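One structure is given below, encoded as structure tokens.
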Amino acid sequence: MNEAHIKLREKNITKDGLIMLLFLTFSFFMVKNGIQSGKITTGTDWLFHVSRVQQIYHNLKQGSFFTFIATDVFNQSGVGTFLFYPNVFLYPWAFFRFFLNPINSFYAWYFLLTFLSFTISYFSMKKFSNNNLIMSVSFAFIYVCNNYRLFVGTSVFGEFIASTFLPLCFLGFYELFFRNKKKWYLLSIGLSLIAYSHILSVVISIQLFVLILLIGIFWGRFHDFLGRWKELIKAIILTIVLTSFIIFPFLSDFIGKHIHAPYNLINIDFTPSFSMVLLNSLDNKIGQSVGFSIIVILLIGWNFVAKNNTYMFIYVLGIVCLILSTRLFPWTSVNISIFKVIQLPYRYLEFTCLFLAIIGSLIIRTIFISLNVNTVKRQIFCIISLVIIFLMAFEEAYIDNPRFYPSEKDNSVEVLRKPSEKYVTFPTTTLINKYNYQYIFDYRCPIGDTDYYTEKSFKHQKSILSQITYVNNKGEHIKSVTAPNKFIFNANLNKKSDIDFPVIAYSNTRVKLDGIKKNYTLSKRGTPLLKNINPGKHSFVIEYIPNKIFYLCLISAIAGWILILIKSLYNMYNSRKEHKND
């Protein structure tokens, strides 16, 4: 490796290091107000996700790494939320609970996800733009700090986590179909990480992949599909391997098992009008909004992309996603399952921000290239300017917003109190601190607690949520002892009895009577029913035991990640070796 190459390499490493330090600083800035306050202002889906973290934490404390059913949360009904809703990236949050109080463990997790999002966005754009520093830094800030992502980061954590990996996923798609097909594995990595976060984000990504390919073929911009099909097959196979442990529970316990999934319809009532999104964005509101900066990019972007087909295409995609997120698109006429399954069209706003953030980075690069200064000064000036601009934008978006400045002085947000009775619905917005944190789990979860019940169980959810056990058709409360993925009921029967337990029964639910495995029938509630139990004291264990294939899938996924790591290290070694030989 000659001296010029060495200096260039060292210079790039130094720049990347300084940028990472900048991202660390900014990520901390985004959580410092919450840490200082020692409080969290919850959002709509908060209890659903924090309950999942709580169950994982409980199981880890008891030495069980895997969580399949809810035994301590969601009214102890044994619901299989963990089987069908990805929870891989909730584990860091649960691990932080061992070292930090509940409030700071959340902010540590948020900090980690934010820094990871900055890093992935930066290096994804660096690859896409052929190492353009200005575009990479600009894209990272515009994308990570967009108003919609800030909104989902308050409580809609599935989408929030998935947003971290969207840039990598779409970079992989671009490489596979439009540039270097040997980089096909980037698509598998990105799509798999999204699958570990939020299944509906995978569905939307695939929708857009198909749309891009169809438009590309129609416009004659894509000529080499047949030459890339082998790499596409490789990408599909690797993705299946990496996500097999996510897919398998759907095959074993969902498909054909009459599971009551979340509604499979477009919710028009929660679909904003185009004018609402536009006005919210111009006001820089956090919610159904993309923020003021994205709207500016939308309005002026056409002038910067007019002479570049690739960026023009990305710009149009941003507009298409914005339209899809509103009632401007005729959602009431849509009757295709692949579209209806997304439930809330405003989910497309995340993709609007992704595509228009790319255009925003192009605009910033174009502006700074026009400045008559040397490269180093231009880059330093650009980065400092970006930091100042985004600090100002954050102050405007954050100020007086209780979700980012938690305060008991805000009369619009009440401090959470212990409920006076059981099954009170958790409030939409409330203030939590380390002293009242445990009260959260005494409330009824307003969203998601009965998702993935069986159809029978959903019809009888009241008695199940109330933990009523039927002994000879007479309802009574038998307090269960919980353990990871299992319930233990102890009962003293006066006569031969039929017992119907308030636990959701799935295909892999198993029942033991006094330590001996017993076959059971399904009650009218879709719960385990044991018949003709002899009088006396008995111990009943109801547990979820996954099929052994699940563990084989998990091992194959881990092996896949190890091979990817080895391959990456090998490529890095070869790259350095080639430079030394130059």
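Each chain in the structure tokens gets a letter, A, B and so on, in the order shown; residues start at 1 in every chain, and ligands are counted from 1 in the order they appear.
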
>> According to DSSP computed on the backbone, where in segment 461-524 of chain A is there strand (DSSP E)? Give the residues as a PyMOL selection string.
In response: chain A and resi 469-471+474-476+480-483+486-493+497-500+509-513+516-518+521-522

Using the selection just defined, write its residues with C-alpha atoms as a JSON list (two decimals), in the first residue's frame.
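Resulting contents of out.json:
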```json
[["chain", "number", "residue", "atom", "x", "y", "z"],
["A", 469, "THR", "CA", -61.36, -21.19, 36.36],
["A", 470, "TYR", "CA", -64.46, -23.33, 35.84],
["A", 471, "VAL", "CA", -64.76, -26.39, 38.08],
["A", 474, "LYS", "CA", -68.87, -23.20, 38.29],
["A", 475, "GLY", "CA", -66.58, -20.20, 38.05],
["A", 476, "GLU", "CA", -64.02, -19.55, 40.76],
["A", 480, "SER", "CA", -51.86, -19.70, 39.80],
["A", 481, "VAL", "CA", -48.13, -19.77, 40.39],
["A", 482, "THR", "CA", -46.32, -18.50, 37.32],
["A", 483, "ALA", "CA", -43.00, -19.53, 35.87],
["A", 486, "LYS", "CA", -46.01, -22.02, 32.37],
["A", 487, "PHE", "CA", -48.79, -21.80, 34.94],
["A", 488, "ILE", "CA", -49.13, -24.00, 38.03],
["A", 489, "PHE", "CA", -52.62, -24.39, 39.51],
["A", 490, "ASN", "CA", -53.04, -26.16, 42.84],
["A", 491, "ALA", "CA", -56.56, -27.37, 43.66],
["A", 492, "ASN", "CA", -58.24, -29.53, 46.27],
["A", 493, "LEU", "CA", -61.21, -31.30, 44.64],
["A", 497, "SER", "CA", -64.45, -32.88, 38.44],
["A", 498, "ASP", "CA", -64.02, -31.25, 35.05],
["A", 499, "ILE", "CA", -61.69, -28.25, 35.14],
["A", 500, "ASP", "CA", -61.45, -25.48, 32.54],
["A", 509, "THR", "CA", -49.66, -26.07, 24.77],
["A", 510, "ARG", "CA", -49.09, -29.01, 27.12],
["A", 511, "VAL", "CA", -50.85, -30.04, 30.36],
["A", 512, "LYS", "CA", -49.51, -32.10, 33.24],
["A", 513, "LEU", "CA", -51.49, -33.51, 36.15],
["A", 516, "ILE", "CA", -47.79, -36.67, 34.36],
["A", 517, "LYS", "CA", -48.57, -35.43, 30.86],
["A", 518, "LYS", "CA", -52.30, -35.51, 30.13],
["A", 521, "THR", "CA", -59.86, -31.18, 25.18],
["A", 522, "LEU", "CA", -60.65, -27.61, 24.22]]
```

>> Please return, as a ChimeraX atom specification, all residues of segment 127-321 of chain A that DSSP assigns to helix (DSSP H, G or I) on the basis of the backbone.
In response: /A:127-128,133-144,147-152,157-163,166-178,181-183,185-195,199-218,225-253,268-270,274-282,292-300,302-305,309-321

Please identify all polymer residues within 8 Å of Phe458 of chain A, counting only C-alpha atoms, omitting same-chain residues fewer than 6 positions from it, and present them as a PDB file with C-alpha atoms, in the first residue's frame.
```pdb
ATOM      1  CA  HIS A 260     -57.806 -13.954  16.202  1.00  0.00           C
ATOM      2  CA  THR A 450     -56.243  -9.947  23.234  1.00  0.00           C
ATOM      3  CA  ARG A 525     -63.447 -20.837  25.670  1.00  0.00           C
TER       4      ARG A 525
END
```

Neighbouring residues of segment 150-162 of chain A were defined as those with any atom within 9 Å, considering only C-alpha atoms; residues of the same chain fewer than 5 positions away were excluded. Please report them as an mmCIF file with N, CA and C atoms, in the first residue's frame.
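Result file part37.cif:
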```cif
data_model
loop_
_atom_site.group_PDB
_atom_site.id
_atom_site.type_symbol
_atom_site.label_atom_id
_atom_site.label_comp_id
_atom_site.auth_asym_id
_atom_site.auth_seq_id
_atom_site.Cartn_x
_atom_site.Cartn_y
_atom_site.Cartn_z
ATOM 1 N N THR A 41 -43.344 10.039 29.705
ATOM 2 C CA THR A 41 -44.727 10.286 29.328
ATOM 3 C C THR A 41 -45.117 9.226 28.316
ATOM 4 N N THR A 42 -46.070 8.392 28.667
ATOM 5 C CA THR A 42 -46.409 7.254 27.823
ATOM 6 C C THR A 42 -47.293 7.661 26.653
ATOM 7 N N GLY A 43 -47.308 6.796 25.635
ATOM 8 C CA GLY A 43 -48.164 6.984 24.477
ATOM 9 C C GLY A 43 -49.145 5.835 24.338
ATOM 10 N N THR A 44 -49.812 5.757 23.211
ATOM 11 C CA THR A 44 -50.922 4.832 23.009
ATOM 12 C C THR A 44 -50.528 3.372 23.192
ATOM 13 N N ASP A 45 -49.456 2.953 22.538
ATOM 14 C CA ASP A 45 -49.073 1.537 22.564
ATOM 15 C C ASP A 45 -48.076 1.213 23.668
ATOM 16 N N TRP A 46 -47.830 2.150 24.557
ATOM 17 C CA TRP A 46 -46.758 1.991 25.534
ATOM 18 C C TRP A 46 -46.902 0.712 26.356
ATOM 19 N N LEU A 47 -48.074 0.521 26.967
ATOM 20 C CA LEU A 47 -48.238 -0.605 27.882
ATOM 21 C C LEU A 47 -48.061 -1.941 27.168
ATOM 22 N N PHE A 48 -48.500 -2.026 25.918
ATOM 23 C CA PHE A 48 -48.351 -3.273 25.168
ATOM 24 C C PHE A 48 -46.887 -3.674 25.067
ATOM 25 N N HIS A 49 -46.039 -2.732 24.687
ATOM 26 C CA HIS A 49 -44.631 -3.054 24.473
ATOM 27 C C HIS A 49 -43.867 -3.190 25.785
ATOM 28 N N TYR A 85 -45.391 -11.807 17.466
ATOM 29 C CA TYR A 85 -44.944 -10.420 17.339
ATOM 30 C C TYR A 85 -43.463 -10.386 17.706
ATOM 31 N N PRO A 86 -42.586 -10.035 16.781
ATOM 32 C CA PRO A 86 -41.130 -10.107 17.020
ATOM 33 C C PRO A 86 -40.720 -9.333 18.268
ATOM 34 N N ASN A 87 -39.783 -9.886 19.024
ATOM 35 C CA ASN A 87 -39.330 -9.212 20.243
ATOM 36 C C ASN A 87 -37.814 -9.226 20.402
ATOM 37 N N PHE A 89 -35.400 -7.255 19.503
ATOM 38 C CA PHE A 89 -34.735 -6.017 19.904
ATOM 39 C C PHE A 89 -35.305 -5.416 21.183
ATOM 40 N N TYR A 110 -33.476 3.495 24.209
ATOM 41 C CA TYR A 110 -33.791 4.496 23.181
ATOM 42 C C TYR A 110 -32.498 5.101 22.628
ATOM 43 N N LEU A 113 -30.828 2.509 20.297
ATOM 44 C CA LEU A 113 -31.505 2.405 18.993
ATOM 45 C C LEU A 113 -31.264 3.643 18.138
ATOM 46 N N SER A 117 -29.349 3.710 14.648
ATOM 47 C CA SER A 117 -30.028 4.243 13.464
ATOM 48 C C SER A 117 -29.159 5.281 12.756
ATOM 49 N N VAL A 144 -33.062 10.195 10.612
ATOM 50 C CA VAL A 144 -33.224 9.777 12.010
ATOM 51 C C VAL A 144 -34.060 10.785 12.792
ATOM 52 N N CYS A 145 -33.980 12.051 12.419
ATOM 53 C CA CYS A 145 -34.679 13.090 13.171
ATOM 54 C C CYS A 145 -36.002 13.497 12.550
ATOM 55 N N LEU A 193 -33.431 -8.107 9.647
ATOM 56 C CA LEU A 193 -33.445 -7.260 10.836
ATOM 57 C C LEU A 193 -34.778 -6.546 10.999
ATOM 58 N N ILE A 194 -35.398 -6.171 9.885
ATOM 59 C CA ILE A 194 -36.736 -5.575 9.952
ATOM 60 C C ILE A 194 -37.743 -6.620 10.423
ATOM 61 N N ALA A 195 -37.594 -7.861 9.933
ATOM 62 C CA ALA A 195 -38.488 -8.949 10.354
ATOM 63 C C ALA A 195 -38.356 -9.216 11.849
ATOM 64 N N TYR A 196 -37.186 -8.965 12.414
ATOM 65 C CA TYR A 196 -36.995 -9.127 13.855
ATOM 66 C C TYR A 196 -37.674 -8.003 14.631
ATOM 67 N N SER A 197 -38.138 -6.984 13.910
ATOM 68 C CA SER A 197 -38.671 -5.782 14.551
ATOM 69 C C SER A 197 -40.175 -5.635 14.378
ATOM 70 N N HIS A 198 -40.636 -5.734 13.106
ATOM 71 C CA HIS A 198 -42.027 -5.383 12.810
ATOM 72 C C HIS A 198 -42.423 -6.007 11.471
ATOM 73 N N ILE A 199 -43.310 -6.994 11.520
ATOM 74 C CA ILE A 199 -43.670 -7.738 10.314
ATOM 75 C C ILE A 199 -44.336 -6.846 9.270
ATOM 76 N N LEU A 200 -45.170 -5.903 9.700
ATOM 77 C CA LEU A 200 -45.861 -5.056 8.730
ATOM 78 C C LEU A 200 -44.894 -4.154 7.968
ATOM 79 N N SER A 201 -43.779 -3.794 8.577
ATOM 80 C CA SER A 201 -42.762 -3.020 7.858
ATOM 81 C C SER A 201 -42.114 -3.870 6.771
ATOM 82 N N VAL A 202 -42.023 -5.173 7.008
ATOM 83 C CA VAL A 202 -41.536 -6.090 5.967
ATOM 84 C C VAL A 202 -42.516 -6.115 4.815
ATOM 85 N N ILE A 286 -45.365 16.527 16.050
ATOM 86 C CA ILE A 286 -44.959 15.140 16.178
ATOM 87 C C ILE A 286 -46.223 14.291 16.100
ATOM 88 N N GLY A 287 -46.317 13.424 15.109
ATOM 89 C CA GLY A 287 -47.514 12.587 14.961
ATOM 90 C C GLY A 287 -47.682 12.194 13.508
ATOM 91 N N GLN A 288 -48.883 12.391 12.980
ATOM 92 C CA GLN A 288 -49.140 12.104 11.564
ATOM 93 C C GLN A 288 -48.558 13.257 10.750
ATOM 94 N N SER A 289 -47.257 13.264 10.682
ATOM 95 C CA SER A 289 -46.511 14.384 10.133
ATOM 96 C C SER A 289 -45.135 13.904 9.715
ATOM 97 N N ARG A 347 -48.596 4.522 8.023
ATOM 98 C CA ARG A 347 -47.294 3.857 8.191
ATOM 99 C C ARG A 347 -46.367 4.175 7.021
ATOM 100 N N GLU A 350 -43.133 6.747 7.120
ATOM 101 C CA GLU A 350 -41.737 6.416 7.394
ATOM 102 C C GLU A 350 -40.951 6.256 6.101
ATOM 103 N N ARG A 403 -44.039 14.648 25.803
ATOM 104 C CA ARG A 403 -43.441 13.353 25.495
ATOM 105 C C ARG A 403 -41.915 13.418 25.523
ATOM 106 N N PHE A 404 -41.354 14.620 25.389
ATOM 107 C CA PHE A 404 -39.911 14.755 25.379
ATOM 108 C C PHE A 404 -39.405 15.590 26.556
#
```

At most 12 Å is the cut-off: for each residue in segment 32-92 of chain A with any atom that close to an atom of segment 234-250 of chain A, write down the nearest atom pair and the distance in Å rounded to one decimal, counting only C-alpha atoms, chain first then increasing number, as a Markdown table.
```
| residue | atom | partner | partner_atom | distance |
| --- | --- | --- | --- | --- |
| A:Phe66 | CA | A:Phe245 | CA | 11.9 |
| A:Phe68 | CA | A:Pro249 | CA | 9.6 |
| A:Ile69 | CA | A:Pro249 | CA | 11.8 |
| A:Gly80 | CA | A:Pro249 | CA | 9.8 |
| A:Thr81 | CA | A:Pro249 | CA | 10.9 |
| A:Phe82 | CA | A:Pro249 | CA | 9.6 |
| A:Leu83 | CA | A:Pro249 | CA | 5.9 |
| A:Phe84 | CA | A:Phe250 | CA | 6.6 |
| A:Tyr85 | CA | A:Ile246 | CA | 8.6 |
| A:Pro86 | CA | A:Ile246 | CA | 7.1 |
| A:Asn87 | CA | A:Ile246 | CA | 9.7 |
| A:Val88 | CA | A:Ile246 | CA | 9.6 |
```

> Skipping near chain neighbours, those fewer than 2 positions away, what residues fall within 12 Å of Ile364 of chain A using only C-alpha atoms, listed as number ranges by chain?
Replying inline: A: 132-139, 141-142, 293, 297, 300-301, 304, 357-362, 366-371, 378-379, 381-383, 385-386

Selection to disk with N, CA, C and O atoms, as a compact mmCIF listing (two decimals), in the first residue's frame:
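Saved to selection_32.txt:
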```txt
# COMPACT_ATOMS: atom_id res chain seq x y z
N ASN A 132 -19.59 9.89 -0.21
CA ASN A 132 -19.77 11.33 -0.08
C ASN A 132 -20.13 11.67 1.37
O ASN A 132 -21.20 11.30 1.86
N LEU A 133 -19.22 12.34 2.05
CA LEU A 133 -19.39 12.62 3.47
C LEU A 133 -20.57 13.54 3.74
O LEU A 133 -21.35 13.32 4.68
N ILE A 134 -20.72 14.57 2.92
CA ILE A 134 -21.80 15.54 3.13
C ILE A 134 -23.16 14.86 3.03
O ILE A 134 -24.03 15.05 3.88
N MET A 135 -23.34 14.05 2.00
CA MET A 135 -24.62 13.36 1.82
C MET A 135 -24.87 12.36 2.95
O MET A 135 -26.00 12.21 3.43
N SER A 136 -23.81 11.68 3.39
CA SER A 136 -23.97 10.66 4.43
C SER A 136 -24.42 11.26 5.75
O SER A 136 -25.35 10.76 6.39
N VAL A 137 -23.75 12.34 6.16
CA VAL A 137 -24.11 12.99 7.42
C VAL A 137 -25.49 13.63 7.30
O VAL A 137 -26.33 13.52 8.22
N SER A 138 -25.74 14.30 6.18
CA SER A 138 -27.03 14.97 5.97
C SER A 138 -28.18 13.97 6.01
O SER A 138 -29.20 14.19 6.68
N PHE A 139 -28.02 12.88 5.29
CA PHE A 139 -29.08 11.87 5.25
C PHE A 139 -29.35 11.31 6.65
O PHE A 139 -30.51 11.15 7.06
N PHE A 141 -28.97 12.66 9.60
CA PHE A 141 -29.70 13.60 10.45
C PHE A 141 -31.14 13.78 9.98
O PHE A 141 -32.07 13.77 10.79
N ILE A 142 -31.33 13.96 8.68
CA ILE A 142 -32.69 14.19 8.18
C ILE A 142 -33.57 12.98 8.43
O ILE A 142 -34.72 13.11 8.87
N SER A 293 -38.98 20.10 7.52
CA SER A 293 -37.82 19.93 6.63
C SER A 293 -38.16 19.00 5.46
O SER A 293 -37.74 19.25 4.32
N ILE A 297 -38.12 19.85 1.40
CA ILE A 297 -37.45 18.98 0.42
C ILE A 297 -38.43 18.59 -0.68
O ILE A 297 -38.08 18.58 -1.87
N ILE A 300 -38.99 21.71 -3.10
CA ILE A 300 -37.88 22.21 -3.93
C ILE A 300 -37.08 21.08 -4.58
O ILE A 300 -36.24 21.34 -5.43
N GLY A 301 -37.38 19.84 -4.18
CA GLY A 301 -36.55 18.73 -4.64
C GLY A 301 -36.53 18.51 -6.13
O GLY A 301 -35.51 18.10 -6.70
N PHE A 304 -33.64 19.77 -8.14
CA PHE A 304 -32.32 19.17 -7.93
C PHE A 304 -32.20 17.77 -8.54
O PHE A 304 -31.10 17.25 -8.65
N ALA A 357 -35.47 11.97 2.48
CA ALA A 357 -34.21 12.27 3.18
C ALA A 357 -33.03 12.08 2.24
O ALA A 357 -32.03 12.81 2.32
N ILE A 358 -33.13 11.11 1.33
CA ILE A 358 -32.08 10.92 0.32
C ILE A 358 -31.99 12.15 -0.57
O ILE A 358 -30.89 12.66 -0.86
N ILE A 359 -33.16 12.64 -0.99
CA ILE A 359 -33.19 13.85 -1.83
C ILE A 359 -32.67 15.05 -1.04
O ILE A 359 -31.95 15.90 -1.57
N GLY A 360 -33.01 15.11 0.25
CA GLY A 360 -32.52 16.21 1.08
C GLY A 360 -31.01 16.22 1.17
O GLY A 360 -30.38 17.28 1.13
N SER A 361 -30.42 15.04 1.28
CA SER A 361 -28.96 14.97 1.34
C SER A 361 -28.34 15.41 0.02
O SER A 361 -27.28 16.05 0.00
N LEU A 362 -29.01 15.11 -1.09
CA LEU A 362 -28.54 15.56 -2.42
C LEU A 362 -28.62 17.08 -2.51
O LEU A 362 -27.69 17.73 -3.03
N THR A 366 -25.43 19.57 -3.06
CA THR A 366 -25.41 20.49 -4.22
C THR A 366 -25.16 21.92 -3.76
O THR A 366 -24.38 22.66 -4.38
N ILE A 367 -25.81 22.31 -2.68
CA ILE A 367 -25.65 23.67 -2.16
C ILE A 367 -24.22 23.92 -1.70
O ILE A 367 -23.60 24.94 -2.04
N PHE A 368 -23.66 22.97 -0.97
CA PHE A 368 -22.32 23.18 -0.43
C PHE A 368 -21.23 23.03 -1.49
O PHE A 368 -20.15 23.60 -1.35
N ILE A 369 -21.50 22.27 -2.52
CA ILE A 369 -20.53 22.19 -3.63
C ILE A 369 -20.42 23.54 -4.32
O ILE A 369 -19.36 23.93 -4.81
N SER A 370 -21.54 24.26 -4.33
CA SER A 370 -21.54 25.57 -5.00
C SER A 370 -20.76 26.64 -4.25
O SER A 370 -20.45 27.69 -4.79
N LEU A 371 -20.47 26.35 -2.96
CA LEU A 371 -19.70 27.32 -2.18
C LEU A 371 -18.23 27.29 -2.61
O LEU A 371 -17.64 26.24 -2.77
N ARG A 378 -15.28 23.13 3.51
CA ARG A 378 -16.68 22.92 3.14
C ARG A 378 -17.32 21.83 3.99
O ARG A 378 -18.43 21.97 4.47
N GLN A 379 -16.58 20.76 4.18
CA GLN A 379 -17.12 19.66 4.97
C GLN A 379 -17.30 20.06 6.43
O GLN A 379 -18.33 19.76 7.04
N PHE A 381 -17.67 23.08 7.64
CA PHE A 381 -18.73 24.08 7.69
C PHE A 381 -20.10 23.42 7.56
O PHE A 381 -21.05 23.78 8.25
N CYS A 382 -20.18 22.45 6.66
CA CYS A 382 -21.44 21.75 6.43
C CYS A 382 -21.89 21.02 7.70
O CYS A 382 -23.05 21.11 8.11
N ILE A 383 -20.98 20.28 8.31
CA ILE A 383 -21.32 19.48 9.49
C ILE A 383 -21.72 20.38 10.66
O ILE A 383 -22.72 20.13 11.34
N SER A 385 -22.93 23.40 10.44
CA SER A 385 -24.22 24.00 10.08
C SER A 385 -25.36 23.03 10.32
O SER A 385 -26.42 23.40 10.83
N LEU A 386 -25.14 21.77 9.94
CA LEU A 386 -26.17 20.75 10.13
C LEU A 386 -26.51 20.59 11.62
O LEU A 386 -27.69 20.52 12.00
```

> Which residues, written as a ChimeraX atom specification, have at least one atom at most 10 Å from Tyr185 of chain A, with only C-alpha atoms counted and residues fewer than 2 positions away on the same chain left out?
Replying inline: /A:169,172-173,175-176,181-183,187-191,231-232,234-236,238-239,564

>> Taking only C-alpha atoms into account, name the residue in A:Phe274, A:Phe355, A:Glu455, A:Leu328 that is nearest to Tyr315 of chain A.
In response: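 Result for the nearest residue to Tyr315 of chain A: A:Phe355.
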
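In this structure, atom CA of Leu24 of chain A sits 29.2 Å away from atom CA of Tyr435 of chain A.
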
> Do you know which residues are at most 8 Å from segment 71-77 of chain A counting only C-alpha atoms, after dropping those on the same chain fewer than 6 positions away, and could you put them as a list in words?
Replying inline: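 Surrounding residues, per the criterion: Ser51, Arg52, Gln54, Gln55, His58, Phe441, Arg444, Cys445, Asp449, Ile464, Leu465, Ser466, Gln467, Thr482, Ala483, Pro484, Asn485, Lys486, Phe487, Pro502, Val503 and Ile504 of chain A.
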
> Which is closest to Leu265 of chain A among A:Gly318, A:Gly63, A:Gly291, A:Pro345, if we use only C-alpha atoms?
Replying inline: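 With only C-alpha atoms as the atom set, the closest residue is A:Pro345.
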
> If you measure from atom CA of Ile120 of chain A to atom CA of Thr164 of chain A, what distance in Å do you get, rounded to one decimal?
Replying inline: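 Spanning atom CA of Ile120 of chain A to atom CA of Thr164 of chain A is a straight-line distance of 7.2 Å.
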